[in-house]
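Just target-v1.pdb here, PDB, C-alpha atoms:
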ATOM      1  CA  MET A   4      13.529  81.323 111.354
ATOM      2  CA  THR A   5      16.571  82.977 109.797
ATOM      3  CA  LYS A   6      19.900  81.370 110.629
ATOM      4  CA  PRO A   7      22.314  83.715 112.441
ATOM      5  CA  GLY A   8      24.372  85.604 109.874
ATOM      6  CA  ALA A   9      22.107  84.613 106.972
ATOM      7  CA  LEU A  10      19.847  86.910 104.977
ATOM      8  CA  HIS A  11      16.198  86.970 106.067
ATOM      9  CA  SER A  12      14.009  84.878 103.774
ATOM     10  CA  SER A  13      11.921  87.901 102.738
ATOM     11  CA  TRP A  14      15.049  89.653 101.472
ATOM     12  CA  GLN A  15      16.465  86.439 100.038
ATOM     13  CA  ALA A  16      13.421  86.239  97.779
ATOM     14  CA  VAL A  17      14.006  89.783  96.511
ATOM     15  CA  ILE A  18      17.801  90.182  96.287
ATOM     16  CA  GLY A  19      19.124  86.668  96.922
ATOM     17  CA  ASP A  20      20.343  86.460  93.329
ATOM     18  CA  GLN A  21      22.936  89.079  94.249
ATOM     19  CA  PHE A  22      25.070  86.438  95.945
ATOM     20  CA  THR A  23      25.856  84.767  92.626
ATOM     21  CA  GLN A  24      26.794  88.029  90.900
ATOM     22  CA  PRO A  25      30.486  88.646  90.154
ATOM     23  CA  HIS A  26      30.752  91.598  92.538
ATOM     24  CA  MET A  27      29.551  89.506  95.478
ATOM     25  CA  VAL A  28      31.755  86.542  94.548
ATOM     26  CA  ARG A  29      34.757  88.881  94.517
ATOM     27  CA  LEU A  30      33.622  90.461  97.791
ATOM     28  CA  LYS A  31      33.399  87.091  99.523
ATOM     29  CA  ALA A  32      36.906  86.199  98.361
ATOM     30  CA  PHE A  33      38.213  89.578  99.547
ATOM     31  CA  LEU A  34      36.686  89.167 103.019
ATOM     32  CA  GLN A  35      38.126  85.664 103.337
ATOM     33  CA  GLN A  36      41.583  86.917 102.364
ATOM     34  CA  GLU A  37      41.389  89.749 104.888
ATOM     35  CA  LYS A  38      40.453  87.358 107.686
ATOM     36  CA  GLN A  39      43.212  84.919 106.703
ATOM     37  CA  ALA A  40      45.660  87.827 106.864
ATOM     38  CA  GLY A  41      44.663  88.346 110.483
ATOM     39  CA  LYS A  42      42.771  91.581 109.971
ATOM     40  CA  ILE A  43      39.903  92.430 112.298
ATOM     41  CA  ILE A  44      36.627  93.096 110.486
ATOM     42  CA  TYR A  45      33.553  94.795 111.914
ATOM     43  CA  PRO A  46      30.790  93.985 112.585
ATOM     44  CA  PRO A  47      31.150  90.326 113.647
ATOM     45  CA  GLY A  48      30.124  87.938 110.889
ATOM     46  CA  LEU A  49      26.819  86.940 112.464
ATOM     47  CA  GLN A  50      25.764  90.617 112.599
ATOM     48  CA  ILE A  51      26.640  91.717 109.049
ATOM     49  CA  PHE A  52      23.043  91.378 107.808
ATOM     50  CA  ASN A  53      21.367  92.606 111.000
ATOM     51  CA  ALA A  54      19.586  95.468 109.216
ATOM     52  CA  PHE A  55      17.848  93.030 106.884
ATOM     53  CA  ASN A  56      17.133  90.464 109.582
ATOM     54  CA  HIS A  57      15.601  92.908 112.060
ATOM     55  CA  THR A  58      13.491  94.548 109.323
ATOM     56  CA  PRO A  59      12.006  92.094 106.789
ATOM     57  CA  PHE A  60      11.327  93.413 103.300
ATOM     58  CA  ASP A  61       7.552  93.545 103.618
ATOM     59  CA  GLN A  62       7.774  95.306 106.995
ATOM     60  CA  VAL A  63      10.008  98.204 105.913
ATOM     61  CA  ARG A  64       8.338 101.572 106.414
ATOM     62  CA  VAL A  65      11.330 103.895 106.777
ATOM     63  CA  VAL A  66      14.874 103.682 105.404
ATOM     64  CA  ILE A  67      17.823 105.522 106.987
ATOM     65  CA  ILE A  68      20.913 105.220 104.806
ATOM     66  CA  GLY A  69      24.371 105.341 106.366
ATOM     67  CA  GLN A  70      27.780 104.930 104.750
ATOM     68  CA  ASP A  71      30.162 102.656 106.676
ATOM     69  CA  PRO A  72      29.909 100.616 109.861
ATOM     70  CA  TYR A  73      31.677 102.136 112.841
ATOM     71  CA  HIS A  74      35.312 100.978 112.852
ATOM     72  CA  GLY A  75      36.060 101.101 116.604
ATOM     73  CA  PRO A  76      36.058  98.078 118.937
ATOM     74  CA  GLY A  77      32.592  96.915 119.936
ATOM     75  CA  GLN A  78      30.751  99.662 118.058
ATOM     76  CA  ALA A  79      29.309  98.163 114.861
ATOM     77  CA  HIS A  80      26.498  95.630 115.067
ATOM     78  CA  GLY A  81      24.958  95.789 111.618
ATOM     79  CA  LEU A  82      22.575  98.736 111.989
ATOM     80  CA  SER A  83      23.482 102.155 110.608
ATOM     81  CA  PHE A  84      24.196 104.798 113.274
ATOM     82  CA  SER A  85      23.472 102.262 116.052
ATOM     83  CA  VAL A  86      25.800 100.824 118.696
ATOM     84  CA  PRO A  87      25.288  98.004 121.221
ATOM     85  CA  VAL A  88      23.392  98.889 124.359
ATOM     86  CA  ASN A  89      26.402  98.905 126.696
ATOM     87  CA  LEU A  90      28.739 101.019 124.558
ATOM     88  CA  LYS A  91      29.835 104.411 125.905
ATOM     89  CA  PRO A  92      30.423 107.115 124.942
ATOM     90  CA  LEU A  93      28.031 107.304 122.012
ATOM     91  CA  PRO A  94      29.525 108.213 118.609
ATOM     92  CA  PRO A  95      29.239 111.948 117.860
ATOM     93  CA  SER A  96      26.788 111.506 114.963
ATOM     94  CA  LEU A  97      24.456 109.488 117.168
ATOM     95  CA  GLN A  98      24.712 112.112 119.894
ATOM     96  CA  ASN A  99      23.566 114.708 117.358
ATOM     97  CA  ILE A 100      20.718 112.465 116.196
ATOM     98  CA  ASP A 101      19.581 112.329 119.810
ATOM     99  CA  LYS A 102      19.802 116.114 120.109
ATOM    100  CA  GLU A 103      17.534 116.461 117.081
ATOM    101  CA  LEU A 104      15.162 113.866 118.530
ATOM    102  CA  ALA A 105      14.919 115.946 121.695
ATOM    103  CA  SER A 106      14.329 119.151 119.725
ATOM    104  CA  ASP A 107      11.881 117.585 117.268
ATOM    105  CA  LEU A 108       9.785 115.372 119.540
ATOM    106  CA  GLY A 109      10.824 116.271 123.069
ATOM    107  CA  ILE A 110      12.322 112.822 123.629
ATOM    108  CA  GLU A 111      14.761 112.781 126.518
ATOM    109  CA  GLN A 112      18.365 111.792 125.870
ATOM    110  CA  PRO A 113      18.370 107.973 125.784
ATOM    111  CA  ALA A 114      20.573 106.011 128.146
ATOM    112  CA  HIS A 115      22.051 103.916 125.324
ATOM    113  CA  GLY A 116      22.683 103.956 121.579
ATOM    114  CA  ASP A 117      21.065 100.707 120.462
ATOM    115  CA  LEU A 118      18.534 101.474 117.705
ATOM    116  CA  THR A 119      17.193  97.913 117.451
ATOM    117  CA  ALA A 120      13.805  99.131 118.688
ATOM    118  CA  TRP A 121      13.574 101.320 115.585
ATOM    119  CA  ALA A 122      14.501  98.434 113.300
ATOM    120  CA  GLN A 123      11.819  96.242 114.836
ATOM    121  CA  GLN A 124       9.212  98.884 113.944
ATOM    122  CA  GLY A 125      10.114  98.878 110.263
ATOM    123  CA  VAL A 126      13.020 101.332 110.167
ATOM    124  CA  LEU A 127      15.670  99.817 107.895
ATOM    125  CA  LEU A 128      19.022 101.049 109.219
ATOM    126  CA  LEU A 129      21.073 100.373 106.105
ATOM    127  CA  ASN A 130      24.746 101.136 105.628
ATOM    128  CA  ALA A 131      25.949 101.313 102.027
ATOM    129  CA  THR A 132      28.947  99.168 102.969
ATOM    130  CA  LEU A 133      28.272  96.365 105.427
ATOM    131  CA  THR A 134      31.813  95.661 106.666
ATOM    132  CA  VAL A 135      34.961  97.609 107.521
ATOM    133  CA  GLU A 136      38.483  96.866 108.735
ATOM    134  CA  ALA A 137      39.199  97.861 112.327
ATOM    135  CA  ALA A 138      40.436 101.464 112.611
ATOM    136  CA  GLN A 139      40.320 101.907 108.813
ATOM    137  CA  ALA A 140      37.307 104.010 107.824
ATOM    138  CA  GLY A 141      36.088 103.312 104.302
ATOM    139  CA  SER A 142      38.412 100.333 103.881
ATOM    140  CA  HIS A 143      35.764  98.074 102.339
ATOM    141  CA  GLN A 144      34.252 100.618  99.984
ATOM    142  CA  GLN A 145      34.153  99.766  96.269
ATOM    143  CA  ARG A 146      34.483  96.050  97.003
ATOM    144  CA  GLY A 147      30.938  95.092  96.017
ATOM    145  CA  TRP A 148      28.763  96.008  98.971
ATOM    146  CA  GLU A 149      27.496  99.166  97.266
ATOM    147  CA  SER A 150      25.995  97.169  94.414
ATOM    148  CA  PHE A 151      24.324  94.838  96.902
ATOM    149  CA  THR A 152      22.772  97.650  98.927
ATOM    150  CA  ASP A 153      21.819  99.510  95.737
ATOM    151  CA  ALA A 154      19.832  96.405  94.760
ATOM    152  CA  ALA A 155      18.030  96.501  98.104
ATOM    153  CA  ILE A 156      17.139 100.187  97.707
ATOM    154  CA  THR A 157      16.000  99.649  94.119
ATOM    155  CA  ALA A 158      13.774  96.749  95.177
ATOM    156  CA  LEU A 159      12.158  98.847  97.896
ATOM    157  CA  ASN A 160      11.659 101.741  95.501
ATOM    158  CA  GLN A 161      10.045  99.577  92.827
ATOM    159  CA  GLN A 162       8.123  96.970  94.800
ATOM    160  CA  ARG A 163       6.852  98.999  97.760
ATOM    161  CA  ASP A 164       4.818 102.207  98.010
ATOM    162  CA  GLY A 165       4.660 104.984 100.576
ATOM    163  CA  LEU A 166       8.016 104.501 102.257
ATOM    164  CA  VAL A 167      10.037 107.247 103.928
ATOM    165  CA  PHE A 168      13.677 107.552 102.858
ATOM    166  CA  ILE A 169      15.802 109.638 105.239
ATOM    167  CA  LEU A 170      18.948 110.754 103.423
ATOM    168  CA  TRP A 171      21.472 112.467 105.682
ATOM    169  CA  GLY A 172      24.411 113.966 103.822
ATOM    170  CA  SER A 173      25.573 114.009 100.219
ATOM    171  CA  TYR A 174      26.647 110.351 100.160
ATOM    172  CA  ALA A 175      23.215 109.063 101.164
ATOM    173  CA  GLN A 176      21.535 111.518  98.808
ATOM    174  CA  LYS A 177      23.568 110.260  95.859
ATOM    175  CA  LYS A 178      22.817 106.668  96.785
ATOM    176  CA  GLY A 179      19.136 107.529  97.028
ATOM    177  CA  ALA A 180      19.023 109.168  93.602
ATOM    178  CA  VAL A 181      17.022 106.207  92.211
ATOM    179  CA  ILE A 182      14.129 106.746  94.617
ATOM    180  CA  ASP A 183      10.835 107.869  93.076
ATOM    181  CA  GLY A 184       9.657 110.928  94.994
ATOM    182  CA  GLN A 185       6.135 110.448  93.647
ATOM    183  CA  ARG A 186       5.809 107.028  95.303
ATOM    184  CA  HIS A 187       7.784 107.722  98.459
ATOM    185  CA  LEU A 188       8.650 110.544 100.844
ATOM    186  CA  ILE A 189      12.280 111.633 100.582
ATOM    187  CA  LEU A 190      13.701 113.654 103.492
ATOM    188  CA  LYS A 191      17.104 115.252 102.871
ATOM    189  CA  SER A 192      19.382 117.197 105.168
ATOM    190  CA  PRO A 193      23.076 117.516 105.993
ATOM    191  CA  HIS A 194      24.712 114.619 107.828
ATOM    192  CA  PRO A 195      24.496 114.527 111.653
ATOM    193  CA  SER A 196      28.288 114.460 111.894
ATOM    194  CA  PRO A 197      29.747 117.294 114.007
ATOM    195  CA  LEU A 198      31.356 118.545 110.779
ATOM    196  CA  SER A 199      28.002 119.240 109.128
ATOM    197  CA  ALA A 200      25.127 119.000 111.616
ATOM    198  CA  HIS A 201      25.035 122.778 112.159
ATOM    199  CA  ARG A 202      24.524 123.351 108.430
ATOM    200  CA  GLY A 203      20.906 122.203 108.523
ATOM    201  CA  PHE A 204      20.643 118.821 110.204
ATOM    202  CA  PHE A 205      19.639 120.489 113.446
ATOM    203  CA  GLY A 206      16.112 121.766 113.009
ATOM    204  CA  SER A 207      15.296 119.492 110.042
ATOM    205  CA  LYS A 208      12.684 117.573 112.110
ATOM    206  CA  PRO A 209      12.892 114.262 110.215
ATOM    207  CA  PHE A 210      11.236 112.224 112.938
ATOM    208  CA  SER A 211       8.006 114.222 113.165
ATOM    209  CA  ALA A 212       7.882 114.534 109.349
ATOM    210  CA  THR A 213       8.162 110.754 109.048
ATOM    211  CA  ASN A 214       5.391 110.121 111.535
ATOM    212  CA  LEU A 215       3.073 112.677 109.949
ATOM    213  CA  TYR A 216       3.501 110.994 106.558
ATOM    214  CA  LEU A 217       2.902 107.517 107.992
ATOM    215  CA  GLN A 218      -0.197 108.649 109.885
ATOM    216  CA  ARG A 219      -1.640 110.278 106.768
ATOM    217  CA  GLN A 220      -1.463 106.825 105.189
ATOM    218  CA  GLY A 221      -3.274 105.247 108.099
ATOM    219  CA  GLN A 222      -0.155 103.710 109.617
ATOM    220  CA  GLN A 223       1.067 103.758 113.183
ATOM    221  CA  PRO A 224       3.792 106.343 113.813
ATOM    222  CA  VAL A 225       7.255 105.156 114.776
ATOM    223  CA  ASP A 226       7.953 105.281 118.504
ATOM    224  CA  TRP A 227      11.403 106.854 118.344
ATOM    225  CA  ARG A 228      12.110 106.280 122.024
ATOM    226  CA  ARG A 229      14.496 103.504 123.027
TER     227      ARG A 229
END

Full structure transcribed into structure tokens:
Amino acid sequence: MTKPGALHSSWQAVIGDQFTQPHMVRLKAFLQQEKQAGKIIYPPGLQIFNAFNHTPFDQVRVVIIGQDPYHGPGQAHGLSFSVPVNLKPLPPSLQNIDKELASDLGIEQPAHGDLTAWAQQGVLLLNATLTVEAAQAGSHQQRGWESFTDAAITALNQQRDGLVFILWGSYAQKKGAVIDGQRHLILKSPHPSPLSAHRGFFGSKPFSATNLYLQRQGQQPVDWRR
């Protein structure tokens, strides 16, 4: 059983050595300094590694790469694009994801924005940066998290076969540049943000494409309802 806030043992075996690397030592010191200065950091400490703990390494089937955790009160809980079940209104990007779900698979608009059910089916909801200062988007970028999450993506690319990588927007696509398109399915489209969703996110049908690929490999499709 993984301790709350710790990295799941399956991931520890693959990328646990990251914690002794200089970038992670510096990151830990930075986070401690920020907390000592009284700054609010999201998500709460016990939820920082939620993506890894809900989706063990050997159970990953799909990877959705986000950028930063949400930086509003009560929004971030360690899964990219997801918010806790009682949070309203839903963030605009998540609202657009739900619109595409409805268009792609006919799934009715969900009553909440908690994507934990996806994570428990093997959908790794991975942000590039795992923490953020309250109300300060991008505040923890270039502090070491990117190297850590790059290591996770590289391990999946090299040690697993037949995964689906869903890369929404230019940031995710750059981060996913290491992925071998011969071993894995790579789905690219604009980001679901209101600023870009109308440039090709809507109509991209990533959810049905993912399930078709999984089924062709003899796997169960993801139940995208929640």

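Picked by the PyMOL selection byres ((chain A and resi 150) around 12) from the coordinates shown: Ile18, Gln21, Phe22, Gln24, Pro25, His26, Met27, Leu30, Asn130, Ala131, Thr132, Leu133, Gln144, Gln145, Arg146, Gly147, Trp148, Glu149, Phe151, Thr152, Asp153, Ala154, Ala155, Ile156, Thr157 and Lys178 of chain A.
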
- Two-atom distance - atom CA of A:Gly203, atom CA of A:Gly81 (Å): 26.9 Å

Residues near stretch 182-193 of chain A, anyone? I mean within 7 Å using only C-alpha atoms, not counting same-chain ones fewer than 2 positions away, as a CSV table (one decimal) with C-alpha atoms, in the frame of the given file.
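The resulting file, result-v3.csv, is reproduced below:
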chain,number,residue,atom,x,y,z
A,160,ASN,CA,11.7,101.7,95.5
A,164,ASP,CA,4.8,102.2,98.0
A,165,GLY,CA,4.7,105.0,100.6
A,166,LEU,CA,8.0,104.5,102.3
A,167,VAL,CA,10.0,107.2,103.9
A,168,PHE,CA,13.7,107.6,102.9
A,169,ILE,CA,15.8,109.6,105.2
A,170,LEU,CA,18.9,110.8,103.4
A,171,TRP,CA,21.5,112.5,105.7
A,172,GLY,CA,24.4,114.0,103.8
A,179,GLY,CA,19.1,107.5,97.0
A,180,ALA,CA,19.0,109.2,93.6
A,195,PRO,CA,24.5,114.5,111.7
A,199,SER,CA,28.0,119.2,109.1
A,200,ALA,CA,25.1,119.0,111.6
A,202,ARG,CA,24.5,123.4,108.4
A,203,GLY,CA,20.9,122.2,108.5
A,204,PHE,CA,20.6,118.8,110.2
A,207,SER,CA,15.3,119.5,110.0
A,209,PRO,CA,12.9,114.3,110.2

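Pairwise distance (atom CA of A:Gln162, atom CA of A:Trp227) equals 25.7 Å.
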
- Task: Please provide as a PyMOL selection string all residues within 7 Å of A:Val63, with the sequence filter that same-chain residues fewer than 6 positions apart are discarded (counting only C-alpha atoms).
- Result: chain A and resi 125-127

Go ahead and dump the residues you just picked, C-alpha atoms, as a short mmCIF file (atom, residue, chain, number, x, y, z; two decimals), in the coordinates of the input.
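And here's result.cif as it stands now:
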data_model
loop_
_atom_site.label_atom_id
_atom_site.label_comp_id
_atom_site.auth_asym_id
_atom_site.auth_seq_id
_atom_site.Cartn_x
_atom_site.Cartn_y
_atom_site.Cartn_z
CA GLY A 125 10.11 98.88 110.26
CA VAL A 126 13.02 101.33 110.17
CA LEU A 127 15.67 99.82 107.90
#

- Identify which of the residues A:Leu159, A:Ala114, A:His74, A:Arg228 lies closest to A:Ile43, counting only C-alpha atoms when measuring atom-to-atom distances. A:His74

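Shortest atom-to-atom contact with A:Val225 among A:Val65, A:Leu118, A:Ile110, A:Ala175: A:Val65, counting all atoms listed in the file.
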
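Considering only C-alpha atoms, the residue among A:Val86, A:Ala79, A:Leu10, A:Leu198 positioned nearest to A:Tyr45 is A:Ala79.
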
Find the axis-aligned box for stretch 52-63 of chain A, covering all its listed atoms and adding 4 Å on each side, and write its centre and edge lengths in Å to one decimal as AutoDock Vina command-line options.
--center_x 15.3 --center_y 94.3 --center_z 107.7 --size_x 23.5 --size_y 15.7 --size_z 16.8

- Taking (25.7, 105.5, 123.3) in the file's coordinates, which residues come within 12 Å, counting only C-alpha atoms, written as a PyMOL selection string? chain A and resi 77-79+84-101+112-118+229

- Message: One number please: atom CA of A:Thr134 to atom CA of A:Pro72, in Å, one decimal.
- Response: 6.2 Å

- Message: Just want the 9 Å neighbourhood of A:Gln139, counted on all atoms listed in the file, with same-chain residues fewer than 3 positions away dropped. Output as a ChimeraX atom specification.
- Response: /A:74-75,135-136,142-143

- Task: Could you check which of A:His80, A:Asp20, A:Ile51, A:Leu215 is closest to A:Leu34, using only C-alpha atoms?
- Result: A:Ile51

- Determine the residue set returned by the PyMOL selection byres ((chain A and resi 211) around 9) for the present structure, and present it as a list of chain:residue names. A:Leu104, A:Asp107, A:Leu108, A:Lys208, A:Pro209, A:Phe210, A:Ala212, A:Thr213, A:Asn214, A:Leu215, A:Tyr216, A:Pro224

Go ahead and dump the residues you just picked, C-alpha atoms, as a short mmCIF file (atom, residue, chain, number, x, y, z; two decimals), keeping the file's coordinate frame.
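Saved to part-v2.cif:
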data_model
loop_
_atom_site.label_atom_id
_atom_site.label_comp_id
_atom_site.auth_asym_id
_atom_site.auth_seq_id
_atom_site.Cartn_x
_atom_site.Cartn_y
_atom_site.Cartn_z
CA LEU A 104 15.16 113.87 118.53
CA ASP A 107 11.88 117.58 117.27
CA LEU A 108 9.78 115.37 119.54
CA LYS A 208 12.68 117.57 112.11
CA PRO A 209 12.89 114.26 110.22
CA PHE A 210 11.24 112.22 112.94
CA ALA A 212 7.88 114.53 109.35
CA THR A 213 8.16 110.75 109.05
CA ASN A 214 5.39 110.12 111.54
CA LEU A 215 3.07 112.68 109.95
CA TYR A 216 3.50 110.99 106.56
CA PRO A 224 3.79 106.34 113.81
#

- Message: Here's the selection I'm unsure about, the PyMOL selection byres ((chain A and resi 14) around 10); applied to the file above, which residues does it give, as a list of chain:residue names?
- Response: A:Leu10, A:His11, A:Ser12, A:Ser13, A:Gln15, A:Ala16, A:Val17, A:Ile18, A:Gly19, A:Phe55, A:Asn56, A:Thr58, A:Pro59, A:Phe60, A:Asp61, A:Ala155, A:Ala158

Is there a way to complete stretch 155-183 of chain A with N, CA and C atoms and then write that out as a compact mmCIF listing (two decimals), in the coordinates of the input?
# COMPACT_ATOMS: atom_id res chain seq x y z
N ALA A 155 19.05 96.47 97.06
CA ALA A 155 18.03 96.50 98.10
C ALA A 155 17.19 97.77 98.01
N ILE A 156 17.85 98.91 97.82
CA ILE A 156 17.14 100.19 97.71
C ILE A 156 16.26 100.21 96.47
N THR A 157 16.77 99.70 95.36
CA THR A 157 16.00 99.65 94.12
C THR A 157 14.76 98.77 94.28
N ALA A 158 14.91 97.65 94.96
CA ALA A 158 13.77 96.75 95.18
C ALA A 158 12.70 97.43 96.03
N LEU A 159 13.12 98.12 97.06
CA LEU A 159 12.16 98.85 97.90
C LEU A 159 11.46 99.93 97.09
N ASN A 160 12.22 100.66 96.31
CA ASN A 160 11.66 101.74 95.50
C ASN A 160 10.62 101.22 94.52
N GLN A 161 10.90 100.08 93.90
CA GLN A 161 10.04 99.58 92.83
C GLN A 161 8.89 98.71 93.31
N GLN A 162 9.10 97.98 94.39
CA GLN A 162 8.12 96.97 94.80
C GLN A 162 7.26 97.39 96.00
N ARG A 163 7.62 98.50 96.62
CA ARG A 163 6.85 99.00 97.76
C ARG A 163 6.35 100.41 97.44
N ASP A 164 5.34 100.85 98.16
CA ASP A 164 4.82 102.21 98.01
C ASP A 164 4.76 102.89 99.38
N GLY A 165 4.89 104.21 99.37
CA GLY A 165 4.66 104.98 100.58
C GLY A 165 5.70 104.81 101.66
N LEU A 166 6.95 104.58 101.27
CA LEU A 166 8.02 104.50 102.26
C LEU A 166 8.60 105.89 102.51
N VAL A 167 9.30 106.02 103.62
CA VAL A 167 10.04 107.25 103.93
C VAL A 167 11.52 106.94 103.82
N PHE A 168 12.23 107.68 102.99
CA PHE A 168 13.68 107.55 102.86
C PHE A 168 14.32 108.78 103.49
N ILE A 169 15.10 108.56 104.54
CA ILE A 169 15.80 109.64 105.24
C ILE A 169 17.25 109.64 104.78
N LEU A 170 17.63 110.69 104.07
CA LEU A 170 18.95 110.75 103.42
C LEU A 170 19.74 111.88 104.06
N TRP A 171 20.65 111.50 104.96
CA TRP A 171 21.47 112.47 105.68
C TRP A 171 22.83 112.58 105.01
N GLY A 172 23.11 113.74 104.43
CA GLY A 172 24.41 113.97 103.82
C GLY A 172 24.45 113.63 102.35
N SER A 173 25.48 114.14 101.68
CA SER A 173 25.57 114.01 100.22
C SER A 173 25.74 112.56 99.78
N TYR A 174 26.45 111.75 100.56
CA TYR A 174 26.65 110.35 100.16
C TYR A 174 25.31 109.62 100.09
N ALA A 175 24.52 109.73 101.14
CA ALA A 175 23.22 109.06 101.16
C ALA A 175 22.30 109.61 100.08
N GLN A 176 22.39 110.91 99.82
CA GLN A 176 21.54 111.52 98.81
C GLN A 176 21.89 111.04 97.41
N LYS A 177 23.17 110.83 97.15
CA LYS A 177 23.57 110.26 95.86
C LYS A 177 23.10 108.82 95.74
N LYS A 178 23.23 108.07 96.81
CA LYS A 178 22.82 106.67 96.78
C LYS A 178 21.31 106.55 96.62
N GLY A 179 20.59 107.54 97.12
CA GLY A 179 19.14 107.53 97.03
C GLY A 179 18.59 108.18 95.77
N ALA A 180 19.46 108.46 94.81
CA ALA A 180 19.02 109.17 93.60
C ALA A 180 18.00 108.37 92.79
N VAL A 181 17.95 107.05 92.98
CA VAL A 181 17.02 106.21 92.21
C VAL A 181 15.61 106.24 92.78
N ILE A 182 15.43 106.83 93.94
CA ILE A 182 14.13 106.75 94.62
C ILE A 182 13.11 107.67 93.93
N ASP A 183 11.92 107.14 93.72
CA ASP A 183 10.84 107.87 93.08
C ASP A 183 10.10 108.72 94.12
